[in-house]
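S.K.: This is the structure I have questions about; it appears just below.
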Amino acid sequence: MTKDKNSYINRELSWLQFNERVLQEAADESVPLIERFRFLGIFSNNLDEFFKVRYATVKRIDEAGKGGKSELGIKAADLLEIITQVVIKQQSKSLDILNNIQLELENEGIYIIDETQVDDEQHSFIKNYFIQQISPALVNIVLSDTVDLPHLKDSAAYLAVKMELTNHEKQFALIEIPKSMNRFVVLPKKNGKCYLMILDDLLRYCLDDIFNIFSYTNITANMIKITRDGELDFDSDLSKSFIEKISASVKDRQIGDPVRFVYDKTIDEETLEYLMTKMGIDSKDSVIPGGRYHNRRDYMGFPSLGRTDLLYNKIKPLEINGLSLQHSIFNTIAKKDYLLHTPYQTFSYVVKFLREAALDPQVRTIKITIYRLAQISHIASSLINAAKNGKKVTVVIELRARFDEQANIDYAEQMQDEGVNLLFGVSGLKVHSKICVIEREEGKGVRRYGFISTGNFNESTAKIYTDFTLFTANQKVLKDVNKVFNFFQTNYRIYRYKHIITSPHYTKSKLFALIDTEIENVKNGKPAFIKLKLNSISSYKMIDKLYEASRAGVKVQMIVRGICCLIPGIKGMSENIEVISIIDKFLEHTRLYMFCNDGDAKIYISSADWMTRNIENRVEVSCPIYQNDIKQELLDVFDICWNDNVKARAINETQSNEYRKNSKPKVRAQFALYDYFENKLKS
């Protein structure tokens, strides 16, 4: 099949439709009210990252004069304009949703007041709070025609201040909103009602305290925000270590080229023109009129105010039937494999595995890949503990995990100081695999134990990301996993694997072979299906292969959370492919591949999405599931997700994000899965 622009949805526009689904959660009245507020924060945070990375990339293509049609399916300049228009509409919609949420909060006795609504009692509290908490942290910048504008931080929010002086001149200034402070200030309760003030409005209320050295007749303050290109550009200095280069690149990101300028649409023209001229904002940057408040990502931290009735019920992570946290994990998994599914089941098993390895006198080596660590990481402390106990600990840490680079750098330096052997992956390839293998002396030989996961070894995200982790002592599988670590040390060699599927060398060819088997089986009248659960699919090669399977008659069911460049349901191309997307309480992060294989299903959990970067430019691992009870569990999990008719949206050519409704009994997959695992404990 030849590549045709009508065969795919543009990646950037598909991503924006994913973020539209996040916005739907903020609008959904069945979602608890404070959670809706927080979904607005997630929507805004997603958009910030999109502009730093994807918009910035398209802008680079356009500025290079390449046109970009072959890479993007549309001219880069046209795509930049379309993106801006889509975002303006989404921003407008988000403001309407925000207004509705605030009205509903008032019905619940929660009031967000601005600087015009402060009474005498609140006045005293605010003035004291400003003096004690805020004023010492403020950065106030007085602007001048004769002095260049100081560098504005990426994604920081600023109040643009205009003073009309008594001598009839104008004075402009900027106030940087402190990132270190909570965006919402909780004021004293009155008559049982809660009152909050957004930090921006508190600063507006205190403008006279900030600028009292100036004599003015009028003062106004409007929010602005600039987003910069978030790509890392690396220094070629051979004398610098990899950590030093990454550290320098992360710092340089703060002074990257601007790609988006958002401003309060009520700002006066004179102030706006002055600022844009000062900042060098040009026609290729996305200039977006917005509301009174920016950096709404801070809404993710909206205080709970003790109102648990306005939040999702917290779940208690379950234990895994047969796998005890009180006894040796090694002894248990020596007998059979176990599958962990966070956040429904507790991530403590991963920490327990590493802590046991750190203390066990028979353990000789621990090897693990790390992509994103929690801010306070028990994983890192367990590995340091193991090194102190004389184990040979090898950590392959990815310092280029986007926007988590600094945290990984800090832990890398700490582990290195404690004797952990650090590897920084492979030149030109990000290490995205989630694997661990330990070697333990048993009898006269060495036995391997390990785990392979779809998610990061991160205690914080394990509470909100859905992920699979397979604990295994299957020596054949772990022999393959160990070869991946050999590849990190001797990456000029290409290893062969009998069980796992790895990128960048084998993923495409192995997956093509699995799809070809389904095509051949359906042609021979045998049962055939492909079931996939992914975060994203954008590789045209993989999409074309699924189109080929569809045309042959293979039924393809796909659950895709984010980007989906594949267009399902098109006669003669993809009529046998159906795609849904689930956005709900938890972030869907599991990656699962299932192939019918004439009734003897081949099932893999994987770190890899079906994007070009995962298949060709990263080190990824897909692990086969051999144990029948775990195979059945994964088939059950997929079916529960597939039957969701509450939070599933149908993905189609129009990208309308319509909820998938039917007359069947209500199935909300994430809630149903918790019940499923709870029932397994009782059986």
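Quick note on naming: the chains in the structure tokens go A, B, ... in the order shown, residues restart at 1 in each chain, and ligands are numbered from 1 in order of appearance.
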Identify, on the basis of only C-alpha atoms, every residue whose closest approach to Ala173 of chain A does not exceed 8 Å; exclude the query and any residue fewer than 6 positions from it along the same chain; express the result as a list in words.
M.R.: Asn140, Ile141, Val142, Leu143, Ala160, Val161 and Lys162 of chain A
S.K.: Would you mind exporting all heavy atoms of the selected residues as an mmCIF file, in the first residue's frame?
M.R.:
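Produced file out-v5.cif, reproduced below:
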data_model
loop_
_atom_site.group_PDB
_atom_site.id
_atom_site.type_symbol
_atom_site.label_atom_id
_atom_site.label_comp_id
_atom_site.auth_asym_id
_atom_site.auth_seq_id
_atom_site.Cartn_x
_atom_site.Cartn_y
_atom_site.Cartn_z
ATOM 1 N N ASN A 140 10.880 41.084 41.173
ATOM 2 C CA ASN A 140 10.211 42.192 40.485
ATOM 3 C C ASN A 140 11.192 42.847 39.528
ATOM 4 O O ASN A 140 12.299 43.227 39.930
ATOM 5 C CB ASN A 140 9.706 43.220 41.506
ATOM 6 C CG ASN A 140 8.837 42.577 42.569
ATOM 7 O OD1 ASN A 140 7.932 41.821 42.257
ATOM 8 N ND2 ASN A 140 9.129 42.878 43.835
ATOM 9 N N ILE A 141 10.792 42.960 38.265
ATOM 10 C CA ILE A 141 11.692 43.463 37.225
ATOM 11 C C ILE A 141 11.122 44.766 36.663
ATOM 12 O O ILE A 141 10.020 44.775 36.078
ATOM 13 C CB ILE A 141 11.841 42.433 36.082
ATOM 14 C CG1 ILE A 141 12.283 41.074 36.644
ATOM 15 C CG2 ILE A 141 12.805 42.934 35.020
ATOM 16 C CD1 ILE A 141 12.104 39.926 35.671
ATOM 17 N N VAL A 142 11.833 45.867 36.867
ATOM 18 C CA VAL A 142 11.426 47.156 36.312
ATOM 19 C C VAL A 142 12.019 47.278 34.915
ATOM 20 O O VAL A 142 13.234 47.124 34.725
ATOM 21 C CB VAL A 142 11.892 48.319 37.215
ATOM 22 C CG1 VAL A 142 11.512 49.659 36.589
ATOM 23 C CG2 VAL A 142 11.289 48.179 38.614
ATOM 24 N N LEU A 143 11.159 47.519 33.917
ATOM 25 C CA LEU A 143 11.590 47.532 32.520
ATOM 26 C C LEU A 143 11.980 48.937 32.084
ATOM 27 O O LEU A 143 11.445 49.935 32.567
ATOM 28 C CB LEU A 143 10.471 46.990 31.626
ATOM 29 C CG LEU A 143 9.968 45.584 31.985
ATOM 30 C CD1 LEU A 143 8.861 45.150 31.031
ATOM 31 C CD2 LEU A 143 11.106 44.580 31.964
ATOM 32 N N ALA A 160 2.388 41.235 34.033
ATOM 33 C CA ALA A 160 2.898 42.405 33.310
ATOM 34 C C ALA A 160 2.221 43.648 33.894
ATOM 35 O O ALA A 160 0.994 43.788 33.818
ATOM 36 C CB ALA A 160 2.593 42.279 31.823
ATOM 37 N N VAL A 161 3.023 44.517 34.488
ATOM 38 C CA VAL A 161 2.496 45.669 35.222
ATOM 39 C C VAL A 161 2.698 46.941 34.398
ATOM 40 O O VAL A 161 3.771 47.161 33.830
ATOM 41 C CB VAL A 161 3.196 45.808 36.592
ATOM 42 C CG1 VAL A 161 2.711 47.044 37.336
ATOM 43 C CG2 VAL A 161 2.982 44.546 37.425
ATOM 44 N N LYS A 162 1.638 47.742 34.340
ATOM 45 C CA LYS A 162 1.740 49.052 33.681
ATOM 46 C C LYS A 162 1.320 50.124 34.688
ATOM 47 O O LYS A 162 0.235 50.064 35.261
ATOM 48 C CB LYS A 162 0.820 49.105 32.461
ATOM 49 C CG LYS A 162 0.791 50.465 31.777
ATOM 50 C CD LYS A 162 -0.229 50.473 30.641
ATOM 51 C CE LYS A 162 -0.371 51.845 30.011
ATOM 52 N NZ LYS A 162 -1.427 51.865 28.973
#
S.K.: Report the residues of segment 302-460 of chain A whose backbone DSSP state falls under strand (DSSP E or B), written as a PyMOL selection string.
M.R.: chain A and resi 318+320+323+338-342+345+363-370+392-397+421-423+426+429-431+435-442+445-453
S.K.: Considering only C-alpha atoms, return as a ChimeraX atom specification whatever protein or nucleic-acid residues lie within 8 Å of Tyr216 of chain A, sequence-local ones (same chain, fewer than 5 positions apart) excluded.
M.R.: /A:163-166
S.K.: Which residue gives the smallest distance to Tyr449 of chain A among A:Glu81, A:Asp264, A:Asp48, A:Asp337, with only C-alpha atoms counted?
M.R.: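 Of A:Glu81, A:Asp264, A:Asp48, A:Asp337, the one nearest Tyr449 of chain A is A:Asp337, counting only C-alpha atoms.
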S.K.: Could you build a table of the residues in segment 435-540 of chain A lying no more than 10 Å from segment 635-645 of chain A, giving for each the nearest pair of atoms and their separation in Å rounded to one decimal place, using only C-alpha atoms, ordered by chain and ascending residue number, as CSV?
M.R.:
residue,atom,partner,partner_atom,distance
A:Lys531,CA,A:Phe638,CA,8.1
A:Leu532,CA,A:Phe638,CA,8.6
A:Lys533,CA,A:Phe638,CA,7.8
S.K.: Write to file, as an mmCIF file, in the first residue's frame, the residues of the selection just made, with N, CA, C and O atoms.
M.R.:
data_model
loop_
_atom_site.group_PDB
_atom_site.id
_atom_site.type_symbol
_atom_site.label_atom_id
_atom_site.label_comp_id
_atom_site.auth_asym_id
_atom_site.auth_seq_id
_atom_site.Cartn_x
_atom_site.Cartn_y
_atom_site.Cartn_z
ATOM 1 N N LYS A 531 -5.047 -8.001 19.211
ATOM 2 C CA LYS A 531 -5.537 -7.100 20.245
ATOM 3 C C LYS A 531 -4.347 -6.328 20.794
ATOM 4 O O LYS A 531 -3.368 -6.930 21.241
ATOM 5 N N LEU A 532 -4.441 -5.019 20.771
ATOM 6 C CA LEU A 532 -3.317 -4.178 21.173
ATOM 7 C C LEU A 532 -3.776 -3.131 22.179
ATOM 8 O O LEU A 532 -4.848 -2.534 22.021
ATOM 9 N N LYS A 533 -2.960 -2.913 23.184
ATOM 10 C CA LYS A 533 -3.185 -1.806 24.114
ATOM 11 C C LYS A 533 -1.909 -0.982 24.132
ATOM 12 O O LYS A 533 -0.839 -1.483 24.485
#
S.K.: Which residues are close to Ser14 of chain A, i.e. within 9 Å by only C-alpha atoms, leaving aside same-chain residues fewer than 3 positions away? Reply as a VMD selection string.
M.R.: chain A and resid 9 to 11 17 to 19 562 to 565 655
S.K.: Quick one: write out the picked residues with C-alpha atoms as a short mmCIF file (atom, residue, chain, number, x, y, z; two decimals), in the first residue's frame?
M.R.:
data_model
loop_
_atom_site.label_atom_id
_atom_site.label_comp_id
_atom_site.auth_asym_id
_atom_site.auth_seq_id
_atom_site.Cartn_x
_atom_site.Cartn_y
_atom_site.Cartn_z
CA ILE A 9 -4.12 11.36 10.92
CA ASN A 10 -1.40 13.94 11.52
CA ARG A 11 0.50 13.14 14.71
CA GLN A 17 -7.45 15.43 20.22
CA PHE A 18 -6.03 13.29 23.02
CA ASN A 19 -5.73 16.43 25.15
CA GLY A 562 -2.93 9.08 23.18
CA ILE A 563 -1.74 9.63 19.62
CA CYS A 564 -3.44 7.46 17.00
CA CYS A 565 -2.40 8.23 13.42
CA GLN A 655 -11.71 12.67 15.65
#
S.K.: Neighbours of segment 664-675 of chain A within 12 Å (only C-alpha atoms; same-chain residues fewer than 6 positions away dropped), as a PyMOL selection string?
M.R.: chain A and resi 312-319+341-346+464-466+559+581-588+633-634+636-648+681-682
S.K.: Give me the residues near Ala528 of chain A as a count of residues only, where near means some atom within 9 Å (using only C-alpha atoms) and where sequence neighbours in that chain fewer than 6 positions away do not count.
M.R.: 14
S.K.: Could you tell me, as a list in words, which residues of segment 335-380 of chain A DSSP assigns to alpha helix (DSSP H) when given the backbone?
M.R.: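 The alpha helix (DSSP H) residues within segment 335-380 of chain A come out as Ser348, Tyr349, Val350, Val351, Lys352, Phe353, Leu354, Arg355, Glu356, Ala357, Ala358, Leu359, His378, Ile379 and Ala380 of chain A.
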S.K.: Kindly export the residues of the current selection with C-alpha atoms, as a PDB file, in the first residue's frame.
M.R.:
ATOM      1  CA  SER A 348       5.685  -2.525  47.236  1.00  0.00           C
ATOM      2  CA  TYR A 349       6.535  -5.856  45.570  1.00  0.00           C
ATOM      3  CA  VAL A 350       9.109  -4.132  43.344  1.00  0.00           C
ATOM      4  CA  VAL A 351      10.751  -2.399  46.307  1.00  0.00           C
ATOM      5  CA  LYS A 352      10.617  -5.624  48.349  1.00  0.00           C
ATOM      6  CA  PHE A 353      12.341  -7.536  45.518  1.00  0.00           C
ATOM      7  CA  LEU A 354      15.242  -5.053  45.445  1.00  0.00           C
ATOM      8  CA  ARG A 355      15.517  -4.812  49.227  1.00  0.00           C
ATOM      9  CA  GLU A 356      15.655  -8.581  49.487  1.00  0.00           C
ATOM     10  CA  ALA A 357      18.343  -8.654  46.803  1.00  0.00           C
ATOM     11  CA  ALA A 358      20.306  -5.977  48.688  1.00  0.00           C
ATOM     12  CA  LEU A 359      20.379  -8.065  51.891  1.00  0.00           C
ATOM     13  CA  HIS A 378      13.124   3.744  47.555  1.00  0.00           C
ATOM     14  CA  ILE A 379      14.362   2.086  44.362  1.00  0.00           C
ATOM     15  CA  ALA A 380      17.534   4.195  44.384  1.00  0.00           C
TER      16      ALA A 380
END
S.K.: Write out as a PDB file with N, CA and C atoms, in the first residue's frame each polymer residue whose atoms come within 6 Å of Arg649 of chain A, counting only C-alpha atoms; drop sequence neighbours fewer than 5 positions from it.
M.R.:
ATOM      1  N   ILE A 580     -10.499   2.293  20.432  1.00  0.00           N
ATOM      2  CA  ILE A 580     -11.085   3.111  21.489  1.00  0.00           C
ATOM      3  C   ILE A 580      -9.962   3.731  22.317  1.00  0.00           C
ATOM      4  N   SER A 581     -10.320   4.758  23.073  1.00  0.00           N
ATOM      5  CA  SER A 581      -9.378   5.406  23.981  1.00  0.00           C
ATOM      6  C   SER A 581     -10.057   5.581  25.325  1.00  0.00           C
ATOM      7  N   ASN A 657     -14.175  12.303  19.223  1.00  0.00           N
ATOM      8  CA  ASN A 657     -14.058  11.927  20.638  1.00  0.00           C
ATOM      9  C   ASN A 657     -15.405  11.614  21.287  1.00  0.00           C
ATOM     10  N   GLU A 658     -16.294  10.973  20.542  1.00  0.00           N
ATOM     11  CA  GLU A 658     -17.601  10.627  21.096  1.00  0.00           C
ATOM     12  C   GLU A 658     -17.468   9.455  22.060  1.00  0.00           C
ATOM     13  N   TYR A 659     -18.196   9.568  23.174  1.00  0.00           N
ATOM     14  CA  TYR A 659     -18.204   8.467  24.132  1.00  0.00           C
ATOM     15  C   TYR A 659     -18.848   7.244  23.492  1.00  0.00           C
ATOM     16  N   ARG A 660     -18.290   6.099  23.822  1.00  0.00           N
ATOM     17  CA  ARG A 660     -18.786   4.845  23.250  1.00  0.00           C
ATOM     18  C   ARG A 660     -19.920   4.335  24.138  1.00  0.00           C
TER      19      ARG A 660
END
